[in-house]
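The data block below is query.cif; it holds mmCIF, C-alpha atoms (C1' of nucleotides).
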```cif
data_target
#
loop_
_atom_site.label_atom_id
_atom_site.label_comp_id
_atom_site.auth_asym_id
_atom_site.auth_seq_id
_atom_site.Cartn_x
_atom_site.Cartn_y
_atom_site.Cartn_z
CA MET A 98 -21.30 -16.33 -85.20
CA SER A 99 -18.66 -17.99 -83.16
CA LEU A 100 -20.86 -19.83 -80.69
CA SER A 101 -22.45 -21.93 -83.41
CA TYR A 102 -19.05 -22.95 -84.73
CA ALA A 103 -17.86 -23.81 -81.25
CA LEU A 104 -20.85 -26.15 -80.97
CA LEU A 105 -20.27 -27.65 -84.39
CA GLY A 106 -16.64 -28.12 -83.44
CA LEU A 107 -17.48 -30.00 -80.27
CA LEU A 108 -19.94 -32.18 -82.15
CA THR A 109 -17.12 -33.35 -84.42
CA TYR A 110 -16.08 -35.45 -81.41
CA GLY A 111 -19.43 -37.22 -81.51
CA PRO A 112 -23.19 -36.74 -81.03
CA MET A 113 -24.28 -35.00 -77.87
CA THR A 114 -27.26 -33.38 -76.14
CA GLY A 115 -27.42 -29.68 -75.34
CA TYR A 116 -26.97 -30.44 -71.70
CA GLN A 117 -23.83 -32.47 -72.32
CA LEU A 118 -22.48 -29.76 -74.60
CA LYS A 119 -22.86 -27.25 -71.80
CA LYS A 120 -20.77 -29.42 -69.52
CA VAL A 121 -18.05 -29.95 -72.09
CA PHE A 122 -18.10 -26.21 -72.74
CA ASP A 123 -17.57 -25.37 -69.10
CA GLU A 124 -14.59 -27.67 -68.84
CA SER A 125 -12.83 -26.59 -71.98
CA ILE A 126 -13.94 -23.86 -74.37
CA SER A 127 -15.39 -21.65 -71.64
CA HIS A 128 -11.89 -20.34 -70.92
CA VAL A 129 -11.93 -18.96 -74.42
CA TRP A 130 -15.63 -18.58 -75.17
CA ALA A 131 -18.30 -18.74 -72.48
CA ALA A 132 -21.90 -19.82 -73.14
CA SER A 133 -25.06 -20.30 -71.10
CA LEU A 134 -27.44 -23.24 -71.40
CA SER A 135 -30.33 -21.22 -72.79
CA GLN A 136 -28.04 -19.81 -75.43
CA ILE A 137 -26.85 -23.29 -76.39
CA TYR A 138 -30.39 -24.65 -76.76
CA ARG A 139 -31.44 -21.67 -78.86
CA GLU A 140 -28.39 -22.03 -81.06
CA LEU A 141 -28.77 -25.78 -81.52
CA SER A 142 -32.31 -25.48 -82.83
CA ALA A 143 -31.19 -22.72 -85.19
CA LEU A 144 -28.38 -24.94 -86.46
CA GLU A 145 -30.81 -27.80 -87.00
CA LYS A 146 -33.07 -25.54 -89.06
CA LYS A 147 -30.07 -24.59 -91.15
CA GLY A 148 -29.31 -28.24 -91.78
CA TYR A 149 -25.96 -28.18 -90.00
CA LEU A 150 -27.22 -30.59 -87.37
CA SER A 151 -29.67 -33.45 -87.17
CA SER A 152 -31.25 -34.79 -84.01
CA ASN A 153 -32.85 -37.94 -82.73
CA ILE A 154 -34.61 -38.44 -79.46
CA GLU A 155 -33.61 -41.13 -77.02
CA LYS A 156 -36.49 -42.02 -74.78
CA GLN A 157 -35.86 -42.41 -71.08
CA SER A 158 -38.40 -43.55 -68.54
CA ASP A 159 -36.95 -42.11 -65.34
CA ARG A 160 -35.50 -38.85 -66.73
CA PRO A 161 -36.54 -36.39 -69.44
CA ASN A 162 -35.90 -37.63 -72.96
CA LYS A 163 -32.58 -36.83 -74.54
CA LYS A 164 -32.37 -34.89 -77.77
CA ILE A 165 -29.12 -36.00 -79.29
CA TYR A 166 -27.60 -33.79 -81.94
CA SER A 167 -25.26 -35.03 -84.66
CA LEU A 168 -23.20 -33.08 -87.12
CA THR A 169 -24.32 -33.33 -90.75
CA GLU A 170 -21.92 -33.28 -93.67
CA THR A 171 -22.82 -29.69 -94.50
CA GLY A 172 -22.36 -28.80 -90.85
CA LYS A 173 -18.91 -30.30 -90.82
CA ALA A 174 -18.00 -28.46 -94.02
CA ALA A 175 -19.23 -25.19 -92.52
CA PHE A 176 -17.08 -25.76 -89.44
CA ILE A 177 -13.96 -26.54 -91.46
CA GLY A 178 -14.59 -23.46 -93.61
CA TRP A 179 -14.93 -21.24 -90.55
CA LEU A 180 -11.89 -22.76 -88.86
CA GLY A 181 -9.55 -21.91 -91.71
CA HIS A 182 -10.57 -18.25 -91.84
CA PHE A 183 -8.94 -16.47 -88.94
CA PRO A 184 -10.19 -12.95 -88.19
CA GLU A 185 -8.09 -10.16 -89.68
CA LYS A 186 -8.00 -8.20 -86.43
CA MET A 187 -6.92 -10.43 -83.60
CA LEU A 188 -7.45 -7.84 -80.88
CA THR A 189 -10.84 -8.16 -79.25
CA PRO A 190 -12.17 -4.95 -77.69
CA ASN A 191 -12.02 -4.97 -73.92
CA ARG A 192 -14.93 -4.22 -71.67
CA ASP A 193 -13.99 -4.47 -68.07
CA GLU A 194 -16.11 -3.04 -65.26
CA PHE A 195 -13.29 -3.34 -62.79
CA MET A 196 -10.84 -1.47 -65.00
CA LEU A 197 -13.36 1.26 -65.69
CA ARG A 198 -13.41 2.02 -61.99
CA ILE A 199 -9.63 1.97 -61.80
CA PHE A 200 -9.62 4.53 -64.60
CA PHE A 201 -11.57 6.87 -62.34
CA GLY A 202 -9.62 5.73 -59.29
CA SER A 203 -8.37 9.23 -58.47
CA ARG A 204 -11.89 10.04 -57.27
CA LEU A 205 -11.83 7.29 -54.67
CA ASP A 206 -10.13 6.96 -51.35
CA HIS A 207 -6.82 5.31 -52.20
CA LYS A 208 -7.27 2.84 -49.36
CA GLN A 209 -10.42 1.50 -50.99
CA VAL A 210 -8.64 1.14 -54.33
CA ILE A 211 -5.86 -0.83 -52.65
CA ASN A 212 -8.41 -3.08 -50.96
CA GLU A 213 -10.12 -3.75 -54.25
CA LEU A 214 -6.78 -4.51 -55.87
CA LYS A 215 -6.09 -7.00 -53.09
CA ARG A 216 -9.47 -8.64 -53.68
CA PHE A 217 -8.56 -8.75 -57.34
CA ILE A 218 -5.33 -10.57 -56.53
CA VAL A 219 -7.17 -13.13 -54.40
CA GLN A 220 -9.62 -13.88 -57.19
CA MET A 221 -6.87 -14.17 -59.77
CA ASP A 222 -4.95 -16.53 -57.49
CA GLN A 223 -8.00 -18.76 -57.25
CA TYR A 224 -8.49 -18.83 -60.98
CA LEU A 225 -4.78 -19.46 -61.43
CA SER A 226 -4.84 -22.59 -59.30
CA LEU A 227 -7.89 -23.79 -61.24
CA LEU A 228 -5.94 -23.39 -64.48
CA GLU A 229 -2.94 -25.15 -62.99
CA ASN A 230 -5.13 -28.12 -62.10
CA ILE A 231 -6.36 -28.29 -65.67
CA GLU A 232 -2.77 -28.17 -66.89
CA ASP A 233 -1.84 -31.05 -64.61
CA GLU A 234 -4.71 -33.11 -65.99
CA PHE A 235 -3.54 -32.41 -69.52
CA ASP A 236 -0.04 -33.56 -68.61
CA VAL A 237 -1.48 -36.84 -67.37
CA CYS A 238 -3.57 -37.06 -70.54
CA SER A 239 -0.73 -36.60 -72.97
CA SER A 240 1.45 -39.19 -71.20
CA LYS A 241 -1.40 -41.73 -70.99
CA PHE A 242 -2.72 -41.59 -74.50
CA SER A 243 0.22 -41.19 -76.78
CA VAL A 244 -1.81 -41.85 -79.90
CA GLU A 245 -0.76 -39.17 -82.36
CA SER A 246 -4.18 -37.61 -83.03
CA GLU A 247 -5.09 -37.43 -79.34
CA ALA A 248 -1.74 -35.98 -78.33
CA LYS A 249 -2.17 -33.33 -81.01
CA GLU A 250 -5.52 -32.26 -79.62
CA VAL A 251 -4.16 -32.06 -76.11
CA LEU A 252 -1.32 -29.89 -77.38
CA PHE A 253 -3.67 -27.17 -78.60
CA TRP A 254 -5.87 -27.36 -75.53
CA GLN A 255 -2.72 -26.86 -73.51
CA LEU A 256 -1.87 -23.77 -75.54
CA THR A 257 -5.23 -22.15 -74.76
CA ILE A 258 -4.85 -22.90 -71.06
CA LYS A 259 -1.28 -21.65 -71.12
CA ARG A 260 -2.51 -18.32 -72.40
CA GLY A 261 -4.90 -18.01 -69.50
CA HIS A 262 -2.20 -19.06 -67.07
CA MET A 263 0.33 -16.53 -68.36
CA THR A 264 -2.07 -13.59 -68.56
CA ILE A 265 -3.47 -14.23 -65.08
CA LYS A 266 0.04 -14.34 -63.65
CA THR A 267 0.75 -11.03 -65.34
CA LEU A 268 -2.44 -9.51 -63.99
CA ILE A 269 -1.38 -10.46 -60.48
CA LYS A 270 1.99 -8.78 -61.02
CA TRP A 271 0.20 -5.77 -62.42
CA ALA A 272 -2.08 -5.45 -59.42
CA GLU A 273 0.88 -5.76 -57.05
CA SER A 274 2.74 -3.03 -58.91
CA CYS A 275 -0.38 -0.87 -58.76
CA ILE A 276 -0.47 -1.12 -54.98
CA GLU A 277 3.17 -0.09 -54.87
CA ASP A 278 2.67 2.82 -57.26
CA ILE A 279 -0.30 4.11 -55.32
CA ASN A 280 1.50 3.84 -52.00
CA ASN A 281 4.55 5.62 -53.43
CA PHE A 282 2.40 8.42 -54.76
CA TYR A 283 0.73 9.04 -51.43
CA THR A 284 3.89 8.85 -49.34
CA LYS A 285 5.57 11.36 -51.69
CA GLN A 286 2.54 13.60 -51.37
CA GLU A 287 2.91 13.55 -47.61
CA GLU A 288 6.64 14.32 -47.79
CA LYS A 289 5.84 17.44 -49.77
CA LYS A 290 3.44 18.56 -47.10
CA GLY A 291 6.12 17.94 -44.51
CA ASP A 292 8.54 20.43 -46.18
CA MET B 1081 -24.77 -0.25 -67.30
CA SER B 1082 -21.18 0.66 -67.45
CA LEU B 1083 -21.18 2.76 -70.59
CA SER B 1084 -23.50 5.32 -69.05
CA TYR B 1085 -21.24 5.67 -66.02
CA ALA B 1086 -18.20 6.02 -68.22
CA LEU B 1087 -19.95 8.92 -69.95
CA LEU B 1088 -21.03 10.48 -66.66
CA GLY B 1089 -17.46 10.09 -65.44
CA LEU B 1090 -16.01 11.90 -68.42
CA LEU B 1091 -18.55 14.67 -68.05
CA THR B 1092 -17.26 15.34 -64.53
CA TYR B 1093 -14.31 16.96 -66.35
CA GLY B 1094 -16.70 19.44 -67.96
CA PRO B 1095 -19.58 19.76 -70.45
CA MET B 1096 -19.10 18.11 -73.82
CA THR B 1097 -20.92 17.05 -76.98
CA GLY B 1098 -21.41 13.43 -77.99
CA TYR B 1099 -18.89 13.85 -80.74
CA GLN B 1100 -16.26 15.17 -78.36
CA LEU B 1101 -16.99 12.40 -75.90
CA LYS B 1102 -16.32 9.84 -78.61
CA LYS B 1103 -12.90 11.36 -79.23
CA VAL B 1104 -11.99 11.43 -75.56
CA PHE B 1105 -13.21 7.85 -75.30
CA ASP B 1106 -10.96 6.67 -78.10
CA GLU B 1107 -7.92 8.25 -76.53
CA SER B 1108 -8.46 7.02 -73.01
CA ILE B 1109 -11.24 4.75 -71.83
CA SER B 1110 -11.41 2.74 -75.05
CA HIS B 1111 -8.48 0.66 -73.81
CA VAL B 1112 -10.72 -0.45 -71.00
CA TRP B 1113 -14.21 0.05 -72.43
CA ALA B 1114 -14.86 0.60 -76.13
CA ALA B 1115 -17.89 2.49 -77.47
CA SER B 1116 -19.24 3.52 -80.85
CA LEU B 1117 -20.68 6.92 -81.72
CA SER B 1118 -24.22 5.68 -82.28
CA GLN B 1119 -24.13 3.99 -78.92
CA ILE B 1120 -22.92 7.16 -77.23
CA TYR B 1121 -25.69 9.28 -78.76
CA ARG B 1122 -28.33 6.74 -77.80
CA GLU B 1123 -26.99 6.57 -74.27
CA LEU B 1124 -26.72 10.34 -73.83
CA SER B 1125 -30.38 10.92 -74.69
CA ALA B 1126 -31.37 8.12 -72.30
CA LEU B 1127 -29.30 9.77 -69.55
CA GLU B 1128 -30.93 13.11 -70.24
CA LYS B 1129 -34.39 11.54 -69.91
CA LYS B 1130 -33.32 10.09 -66.58
CA GLY B 1131 -32.25 13.52 -65.40
CA TYR B 1132 -28.58 12.61 -65.06
CA LEU B 1133 -27.63 15.07 -67.78
CA SER B 1134 -28.87 18.39 -69.09
CA SER B 1135 -28.15 19.81 -72.50
CA ASN B 1136 -28.04 23.15 -74.23
CA ILE B 1137 -27.58 23.82 -77.90
CA GLU B 1138 -24.84 26.05 -79.22
CA LYS B 1139 -25.77 27.43 -82.61
CA GLN B 1140 -23.13 27.39 -85.33
CA SER B 1141 -23.57 28.88 -88.78
CA ASP B 1142 -20.98 26.94 -90.76
CA ARG B 1143 -21.28 23.53 -89.03
CA PRO B 1144 -24.13 21.56 -87.45
CA ASN B 1145 -25.25 22.89 -84.09
CA LYS B 1146 -23.59 21.48 -81.00
CA LYS B 1147 -25.61 19.76 -78.32
CA ILE B 1148 -23.57 20.22 -75.19
CA TYR B 1149 -24.27 17.90 -72.30
CA SER B 1150 -23.60 18.78 -68.68
CA LEU B 1151 -23.70 16.59 -65.62
CA THR B 1152 -26.54 17.33 -63.19
CA GLU B 1153 -26.19 16.94 -59.44
CA THR B 1154 -28.18 13.69 -59.48
CA GLY B 1155 -26.00 12.49 -62.34
CA LYS B 1156 -22.86 13.19 -60.37
CA ALA B 1157 -24.28 11.42 -57.34
CA ALA B 1158 -25.16 8.38 -59.48
CA PHE B 1159 -21.61 8.29 -60.82
CA ILE B 1160 -20.03 8.48 -57.38
CA GLY B 1161 -22.37 5.77 -56.14
CA TRP B 1162 -21.46 3.47 -59.03
CA LEU B 1163 -17.75 4.18 -58.68
CA GLY B 1164 -17.60 3.04 -55.08
CA HIS B 1165 -19.31 -0.29 -55.76
CA PHE B 1166 -16.80 -2.58 -57.41
CA PRO B 1167 -18.16 -5.77 -58.97
CA GLU B 1168 -17.87 -8.86 -56.75
CA LYS B 1169 -16.46 -10.99 -59.54
CA MET B 1170 -13.53 -9.24 -61.17
CA LEU B 1171 -13.05 -11.81 -63.90
CA THR B 1172 -14.83 -10.87 -67.09
CA PRO B 1173 -15.78 -13.81 -69.33
CA ASN B 1174 -13.58 -14.09 -72.39
CA ARG B 1175 -14.86 -14.34 -75.91
CA ASP B 1176 -12.07 -14.52 -78.40
CA GLU B 1177 -12.57 -15.65 -82.01
CA PHE B 1178 -8.87 -16.13 -82.50
CA MET B 1179 -8.51 -18.35 -79.43
CA LEU B 1180 -11.53 -20.42 -80.41
CA ARG B 1181 -9.71 -21.38 -83.59
CA ILE B 1182 -6.53 -22.18 -81.67
CA PHE B 1183 -8.61 -24.48 -79.49
CA PHE B 1184 -9.48 -26.49 -82.60
CA GLY B 1185 -5.98 -25.99 -84.00
CA SER B 1186 -5.29 -29.73 -84.23
CA ARG B 1187 -7.66 -29.83 -87.20
CA LEU B 1188 -5.59 -27.33 -89.16
CA ASP B 1189 -2.31 -27.59 -90.98
CA HIS B 1190 0.24 -26.64 -88.36
CA LYS B 1191 1.98 -24.33 -90.80
CA GLN B 1192 -1.17 -22.24 -91.08
CA VAL B 1193 -1.47 -22.06 -87.31
CA ILE B 1194 2.12 -20.85 -87.06
CA ASN B 1195 1.48 -18.22 -89.72
CA GLU B 1196 -1.56 -16.97 -87.85
CA LEU B 1197 0.42 -16.85 -84.63
CA LYS B 1198 3.05 -14.76 -86.40
CA ARG B 1199 0.34 -12.39 -87.65
CA PHE B 1200 -0.91 -12.24 -84.09
CA ILE B 1201 2.55 -11.23 -82.87
CA VAL B 1202 2.78 -8.47 -85.50
CA GLN B 1203 -0.56 -7.03 -84.47
CA MET B 1204 0.31 -7.18 -80.78
CA ASP B 1205 3.62 -5.44 -81.49
CA GLN B 1206 1.77 -2.62 -83.20
CA TYR B 1207 -0.66 -2.21 -80.35
CA LEU B 1208 2.24 -2.37 -77.91
CA SER B 1209 4.04 0.56 -79.50
CA LEU B 1210 0.78 2.51 -79.47
CA LEU B 1211 0.48 1.89 -75.74
CA GLU B 1212 4.12 2.87 -75.23
CA ASN B 1213 3.47 6.18 -76.97
CA ILE B 1214 0.57 6.84 -74.66
CA GLU B 1215 2.77 6.03 -71.68
CA ASP B 1216 5.39 8.50 -72.89
CA GLU B 1217 2.76 11.21 -73.18
CA PHE B 1218 1.62 10.50 -69.65
CA ASP B 1219 5.20 10.81 -68.41
CA VAL B 1220 5.42 14.26 -70.02
CA CYS B 1221 2.05 15.10 -68.53
CA SER B 1222 2.92 14.20 -64.97
CA SER B 1223 6.20 16.16 -65.07
CA LYS B 1224 4.56 19.22 -66.62
CA PHE B 1225 1.53 19.61 -64.42
CA SER B 1226 2.59 18.73 -60.95
CA VAL B 1227 -0.60 20.01 -59.38
CA GLU B 1228 -1.65 17.34 -56.93
CA SER B 1229 -5.11 16.58 -58.34
CA GLU B 1230 -3.87 16.37 -61.93
CA ALA B 1231 -0.93 14.17 -61.05
CA LYS B 1232 -3.30 11.87 -59.22
CA GLU B 1233 -5.49 11.45 -62.27
CA VAL B 1234 -2.52 10.73 -64.49
CA LEU B 1235 -1.38 8.08 -62.01
CA PHE B 1236 -4.55 6.03 -62.45
CA TRP B 1237 -4.61 6.48 -66.21
CA GLN B 1238 -1.07 5.16 -66.21
CA LEU B 1239 -2.16 2.12 -64.26
CA THR B 1240 -4.80 1.23 -66.85
CA ILE B 1241 -2.32 1.61 -69.69
CA LYS B 1242 0.26 -0.37 -67.77
CA ARG B 1243 -2.15 -3.26 -67.58
CA GLY B 1244 -2.56 -3.23 -71.33
CA HIS B 1245 1.18 -2.96 -71.81
CA MET B 1246 1.96 -5.88 -69.52
CA THR B 1247 -0.72 -8.21 -70.86
CA ILE B 1248 0.18 -7.52 -74.48
CA LYS B 1249 3.82 -8.26 -73.76
CA THR B 1250 2.76 -11.52 -72.16
CA LEU B 1251 0.60 -12.41 -75.14
CA ILE B 1252 3.57 -11.94 -77.43
CA LYS B 1253 5.63 -14.27 -75.26
CA TRP B 1254 2.77 -16.73 -75.26
CA ALA B 1255 2.48 -16.73 -79.04
CA GLU B 1256 6.24 -17.23 -79.37
CA SER B 1257 6.15 -20.17 -76.99
CA CYS B 1258 3.22 -21.61 -78.97
CA ILE B 1259 5.27 -21.59 -82.15
CA GLU B 1260 8.06 -23.40 -80.31
CA ASP B 1261 5.71 -25.96 -78.78
CA ILE B 1262 4.09 -26.70 -82.11
CA ASN B 1263 7.43 -27.05 -83.87
CA ASN B 1264 8.72 -29.34 -81.12
CA PHE B 1265 5.64 -31.51 -81.39
CA TYR B 1266 5.99 -31.97 -85.11
CA THR B 1267 9.73 -32.61 -85.12
CA LYS B 1268 9.24 -35.25 -82.41
CA GLN B 1269 6.49 -36.80 -84.48
CA GLU B 1270 8.87 -37.06 -87.42
CA GLU B 1271 11.63 -38.58 -85.28
CA LYS B 1272 9.23 -41.35 -84.27
CA LYS B 1273 8.51 -42.06 -87.89
CA GLY B 1274 12.25 -42.20 -88.53
CA ASP B 1275 12.76 -44.96 -85.94
"C1'" DA C 1483 -11.80 15.20 -107.48
"C1'" DG C 1484 -11.89 12.68 -103.16
"C1'" DG C 1485 -11.47 11.86 -98.48
"C1'" DA C 1486 -11.21 13.43 -93.73
"C1'" DT C 1487 -13.42 16.26 -90.09
"C1'" DC C 1488 -17.24 18.30 -87.81
"C1'" DA C 1489 -21.85 17.10 -86.01
"C1'" DT C 1490 -26.21 15.13 -85.53
"C1'" DG C 1491 -28.89 11.12 -85.10
"C1'" DT C 1492 -32.37 6.63 -86.35
"C1'" DA C 1493 -33.50 1.76 -87.18
"C1'" DA C 1494 -32.71 -2.88 -87.55
"C1'" DC C 1495 -30.28 -6.69 -86.17
"C1'" DC C 1496 -27.80 -9.87 -83.41
"C1'" DG C 1497 -26.24 -12.27 -79.53
"C1'" DG C 1498 -25.60 -12.55 -74.44
"C1'" DT C 1499 -28.20 -12.35 -69.86
"C1'" DT C 1500 -31.90 -13.26 -66.79
"C1'" DA C 1501 -36.04 -15.11 -65.39
"C1'" DC C 1502 -39.50 -18.45 -65.79
"C1'" DA C 1503 -41.43 -23.30 -66.16
"C1'" DT C 1504 -41.42 -28.45 -65.16
"C1'" DG C 1505 -40.30 -32.60 -62.62
"C1'" DA C 1506 -38.03 -36.93 -61.20
"C1'" DT C 1507 -33.86 -38.84 -58.82
"C1'" DT C 1508 -29.92 -38.95 -55.88
"C1'" DA C 1509 -26.75 -37.65 -52.31
"C1'" DC C 1510 -25.83 -35.23 -47.84
"C1'" DG D 288 -35.56 -31.70 -45.85
"C1'" DT D 289 -32.87 -29.50 -49.33
"C1'" DA D 290 -29.68 -28.96 -52.69
"C1'" DA D 291 -27.68 -30.78 -56.83
"C1'" DT D 292 -28.09 -33.34 -61.13
"C1'" DC D 293 -30.47 -34.65 -65.21
"C1'" DA D 294 -32.96 -32.59 -69.15
"C1'" DT D 295 -35.77 -29.74 -71.79
"C1'" DG D 296 -36.87 -25.28 -73.37
"C1'" DT D 297 -39.37 -20.06 -73.96
"C1'" DA D 298 -39.66 -15.01 -73.55
"C1'" DA D 299 -38.19 -10.65 -72.51
"C1'" DC D 300 -34.66 -7.57 -72.08
"C1'" DC D 301 -30.42 -5.20 -72.81
"C1'" DG D 302 -26.53 -3.48 -75.03
"C1'" DG D 303 -23.17 -3.68 -78.91
"C1'" DT D 304 -22.80 -3.60 -84.17
"C1'" DT D 305 -23.91 -2.09 -88.70
"C1'" DA D 306 -26.09 0.52 -92.00
"C1'" DC D 307 -28.35 4.56 -93.34
"C1'" DA D 308 -29.10 9.73 -93.77
"C1'" DT D 309 -27.45 14.68 -94.19
"C1'" DG D 310 -24.31 18.33 -95.45
"C1'" DA D 311 -20.68 21.95 -95.14
"C1'" DT D 312 -15.71 22.77 -94.83
"C1'" DC D 313 -10.89 21.82 -95.23
"C1'" DC D 314 -6.86 19.50 -96.85
"C1'" DT D 315 -4.21 16.93 -100.53
#
```
What would you get if you wrote out this structure as structure tokens?
Amino acid sequence: MSLSYALLGLLTYGPMTGYQLKKVFDESISHVWAASLSQIYRELSALEKKGYLSSNIEKQSDRPNKKIYSLTETGKAAFIGWLGHFPEKMLTPNRDEFMLRIFFGSRLDHKQVINELKRFIVQMDQYLSLLENIEDEFDVCSSKFSVESEAKEVLFWQLTIKRGHMTIKTLIKWAESCIEDINNFYTKQEEKKGD
Amino acid sequence: MSLSYALLGLLTYGPMTGYQLKKVFDESISHVWAASLSQIYRELSALEKKGYLSSNIEKQSDRPNKKIYSLTETGKAAFIGWLGHFPEKMLTPNRDEFMLRIFFGSRLDHKQVINELKRFIVQMDQYLSLLENIEDEFDVCSSKFSVESEAKEVLFWQLTIKRGHMTIKTLIKWAESCIEDINNFYTKQEEKKGD
DNA sequence: AGGATCATGTAACCGGTTACATGATTAC
DNA sequence: GTAATCATGTAACCGGTTACATGATCCT
């Protein structure tokens, strides 16, 4: 599965604990592949059993001990192998609770639908500004460290964030056009009654 | 869950078999919520146990008998209840195998990445024309049947397809800009070497 | 002859979600 | 005082995927 390779991929940057991996996930990959802590722990122990990872425990007196995972050679090879094989079908099936309700929107009061669309826009705006902050940080990054390898990594991270940015902007435009379309439909309906 | 309500929702249009539901799904809701046949059958029997659906069997001599499901009153009430309660968070977590590889794209030969992005564009173009065909059919629909209730339904179906249309178009633009960005990065890198 | 369509399902698997459990430290 | 952070997990559940099973008819 993909989650395991995401973990292996992050561990190519250096050894980490499950807890640290979760944090790195949330700040980077989560925009492309989300994961919960319990899932990460479960996956890490499975990967260790497989021999893709090794672990050593760092004792701490004040806090719980750390279990630090490192990528093995076979683990790295597995990651590289996975990375080179892109999926044939690049369209991932959508499952969207919100959209499912819009599909049946004709059964609702159109004022409620418009309210929900407005809520949708607010949420997308929030997420958009979050993405814009991340983009700003990347811009700082790529100007600071102009080492070739680091700049290259930042480039691809930027591309993933850009995708989010662009699609969210489009979704906002979509929702706005929906509100218009719905309003038009209902005003036309009333004109007909007026005749 | 959502699948059950999608099924209940479709059955508000009239009684159907699981097989028929699958076909309707593929032509409409699948763009918003995909489902497999085995899943539909499993779900339908669960809904019948719950009392949301009732079934009667239509005997056929040449083909397997049909098990026709109808919505019960409690089923309809459950659907309406679900429909009115939109999820608080309208952002669904992404999980995209393709994007995960782009995230680690710095570890690949940039020519391969560009090739995969081009394949991505081809696939999106195909899906786009599919969506455009659906939109054309809807346009015919809404001009043909101008009964108020039917036109209203078509309106919301159009909105769901429009979302797909707009996001796919954006994804194509994104992929094109990625190819540019990557090419720029590598030509700049070579210029530096030339100095 | 071979594949699509009609029509029903079952069973196993896999991975994502939620809830539970523990417990010290630090910051407001 | 109470919430967040650090740090580890386990167990149950739920829903989506894949594979299997059956069998006639219709189209190329």
When the PyMOL selection byres ((chain C) within 12 of (chain A)) is applied to the file above, which residues end up in the set, as a ChimeraX atom specification?
-> /C:1496-1502,1504-1507
Could you tell me which residues the PyMOL selection byres ((chain B) within 8 of (chain A)) grabs in this file, written as a count of residues only?
-> 54
Please write the residues picked by the PyMOL selection byres ((chain D) within 9 of (chain A)) on this file as a VMD selection string.
-> chain D and resid 293 to 296
Using all atoms listed in the file and a cutoff of 10 Å, can you tell me which residues are near (-24.9, 24.1, -73.6) in the file's coordinates, and write them out as an mmCIF file with C-alpha atoms, in the frame of the given file?
```
data_model
loop_
_atom_site.group_PDB
_atom_site.id
_atom_site.type_symbol
_atom_site.label_atom_id
_atom_site.label_comp_id
_atom_site.auth_asym_id
_atom_site.auth_seq_id
_atom_site.Cartn_x
_atom_site.Cartn_y
_atom_site.Cartn_z
ATOM 1 C CA PRO B 1095 -19.580 19.760 -70.450
ATOM 2 C CA MET B 1096 -19.100 18.110 -73.820
ATOM 3 C CA THR B 1097 -20.920 17.050 -76.980
ATOM 4 C CA SER B 1134 -28.870 18.390 -69.090
ATOM 5 C CA SER B 1135 -28.150 19.810 -72.500
ATOM 6 C CA ASN B 1136 -28.040 23.150 -74.230
ATOM 7 C CA ILE B 1137 -27.580 23.820 -77.900
ATOM 8 C CA GLU B 1138 -24.840 26.050 -79.220
ATOM 9 C CA LYS B 1139 -25.770 27.430 -82.610
ATOM 10 C CA LYS B 1146 -23.590 21.480 -81.000
ATOM 11 C CA LYS B 1147 -25.610 19.760 -78.320
ATOM 12 C CA ILE B 1148 -23.570 20.220 -75.190
ATOM 13 C CA TYR B 1149 -24.270 17.900 -72.300
ATOM 14 C CA SER B 1150 -23.600 18.780 -68.680
#
```
Atom-to-atom span, CA of Phe1218 in chain B and CA of Ala1157 in chain B, Å |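 That distance, rounded to one decimal, is 28.7 Å.
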